[in-house]
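Q: Pasting in a structure now, in structure tokens, and then I'll have a few things to ask.
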Amino acid sequence: MAEAEADVVVVGAGAGGASVAYRLSKGGARVLLLERGDWFDPADSPARHADWERRPSPLRLPYGSSDPTIVPTRGAAIDKRHAAAGGHGDATSHWQYRNPFYYSRAFGVGGSTLHYEGEAHRFAPHAFTPGSLYGAGVDWPLDYTTLAPWYALAEQLLGVSGEPGNPFKAPRENYPLPAHPLSRRARWLRAGSERLGWSCLPNPLALPSRSIDGRSPCMHSGHCVRGCPFGAKSSVDRALLAPALRDGRLEIRPRMRAIRLETRGDRITRVICRQDGKTFAIPAPVTVLAGGAVETPRLLLASEDGAHPNGIGNTHDQLGRNFLETVFLSLPIEAEQPIESWKGPPLDVRIWDFNRPDPADGIHGFTLSASGATSRYQGPATVANRISGIGRAHRLAMRERFGRGLSLVAVTDHQPHPDNRLTLSSRLDEDGVPKVIVRSDYGERDLATLSAMEVRLRELADACGARVTAAPFSSYFQPSATHVGGTCRMGIDPGQSVTDNRGRVHGMENLYIADGSVLPGQGMGDSPSLTIQALGLRTADAILGRY
Amino acid sequence: MNRDRRLLLRASAAGALIGAGEVRAASDAASPEQADRESALYRSVLDTLVPAIGDSPGALAIGLGDVPLTDPGTGNPADRHMARVVFAAQRVAGSWHGEPFATLDLERREAILLAILGPWPEGRQRPAEVEVAHRRSLQFVRKVVLDRFYTHPEGQASIGYHAPWPGGYRVQDIG
């Protein structure tokens, strides 16, 4: 397909971009999908080898490498009144500032779904109206009922495995596939939570419980974050893009990066790209940006021109504001008996009892889960090196303790604030694009919720009979980028948002956004991937209906 | 065993002083008996760090004594650290028991390496030549050996970890 033939140019092949590309191409549009990274081959997963702990991930930049996107800057000052919340124990007294923001993400066709753990959550209805219910955050410009049909479509396309009947969510039909049998770790957690009267429920997962579309079912390896070694996970490269490619209307250009948009009035005319040291211009009748909550506003800000002096879509100075980090707190524990904490879908159950708190509590909604899926717990060599001693005693300790370690984890929303924002730096990357400076802090509600989450996690550890092995670790000290959003949030008022409720950029005729940057909130502890996909499918339908 | 490793171990076995990165005495000419002693010493350190227990193989059974040890993170050879460990183990074995390290039973060998790792046990004489550098080298060798052992399928099987390659776990199709 020649470039001039494309009806729509999509930038970014992650959860949102792939959903848009799939739906548009299935609907008859000719789509050119640009992706900075390359295809991921499951054969390249480190998890295909016994020594996976020592092999670098093909999906991520090595830790400590120079970030191609963000200029590291000192974080906000730590509020000592709240330092106990996930404060690393005694280290709190020495911690003056939050660490610089580290942007951990996957590069490749499939984006962050290449390393996500497959959680496929519909946000609860109340998560769409936090402003009205709690006076915190903002209401979305659409409600759950409006989005529900696209949620259902996304679940069908991904082959989500789950069990209906979650009392904390809207009533729903059966999932496309049945839930996985619970892992030993999940059964252990459920027993503990039931002692507290909490509900520990099967987590809906885009990890197929049986073969679909010629793919293997999930093998329960627990290696989702390293790129599924079997190609079983419904990352969007396999679940959406591979089938869409068969129709011949979708072309994917891996290793091609959009560096600038050109405009004429309120229209995008061309997408300027770089590949292998060369620059290309792609005519763009319609453009959909889906690079995520950092790269999308970066591209728009960097595309300033005479008609858009502050960046495209930034007439009201909203672009890059209301940045949402991932707010989490984890508590390292050890079970009193082996529970094979490393095995099974990494997050096969979740506790939603606190997803909808009483407005009078002054805290936000959150969810609880348990994960053993990091090399800290999952890697035999890593665990071996953390157990002291040598010889027979060490070997017996390994037999005794391996498979017991895990983290209890609580996740909530980051409260949007206009001063939490991305701006462009004067420093340029290798393609001449300005890097980004991230300024972000926590407010009173964020910190109060962190404290509440720590209380609940300790209760859960006690109820499970687990030993807490280290001080809790929270994103207050080390900002996290697992679920970022908000920087191009959708809304009705152009003075308070960047896109409308179908993803079209305010004031632009043919420019849409379909990624986490449009999310006004984060679901109060749910994972945003399915919502990004549902919104992307809805945006595609809007484009198909309009052109 | 490659030439460099032979030189280092020979120096250690002969009691040459190996300080921070320095080998002061080594000879490449060795009798078969001497080579056997060196090999036994090297292997006895590995066997002490990760011994067989019951039916479960230890470091030697999975072949760690037959390949050069390298730092899995950097790829750097661990020979110089191993030579320091061998030296220290020999010195302590001679001081405590008047016998070569390799001829001691596992319990005594473990006690010696644990002493080098620290803290030094009360009431036990510490040879003057055994320094902090030897402890650091033993920490390094321990890490390398544990890494190699627990990234080997047999080492992993010994703790009930059955990694899912190449075909994955058997999962019942419940559809």
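In the structure tokens, chains take letters A, B, ... by order of appearance, with residues numbered from 1 within each chain and ligands from 1 in the order shown.
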Give me, as JSON, numbers by chain, the contact residues of chain A against chain B at a cut-off of 7 Å, counting only C-alpha atoms.

A: {"A": [48, 49, 50, 51, 54, 210, 219, 220, 221, 380, 381, 384, 385, 390, 391, 392, 398, 399, 402]}

Q: Using only C-alpha atoms, can you tell me which of A:Ser341, A:Gln415, A:Ala13, A:Asn166 comes closest to A:Gly131?

A: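 When distances to A:Gly131 are compared using only C-alpha atoms, the smallest one comes from A:Gln415.
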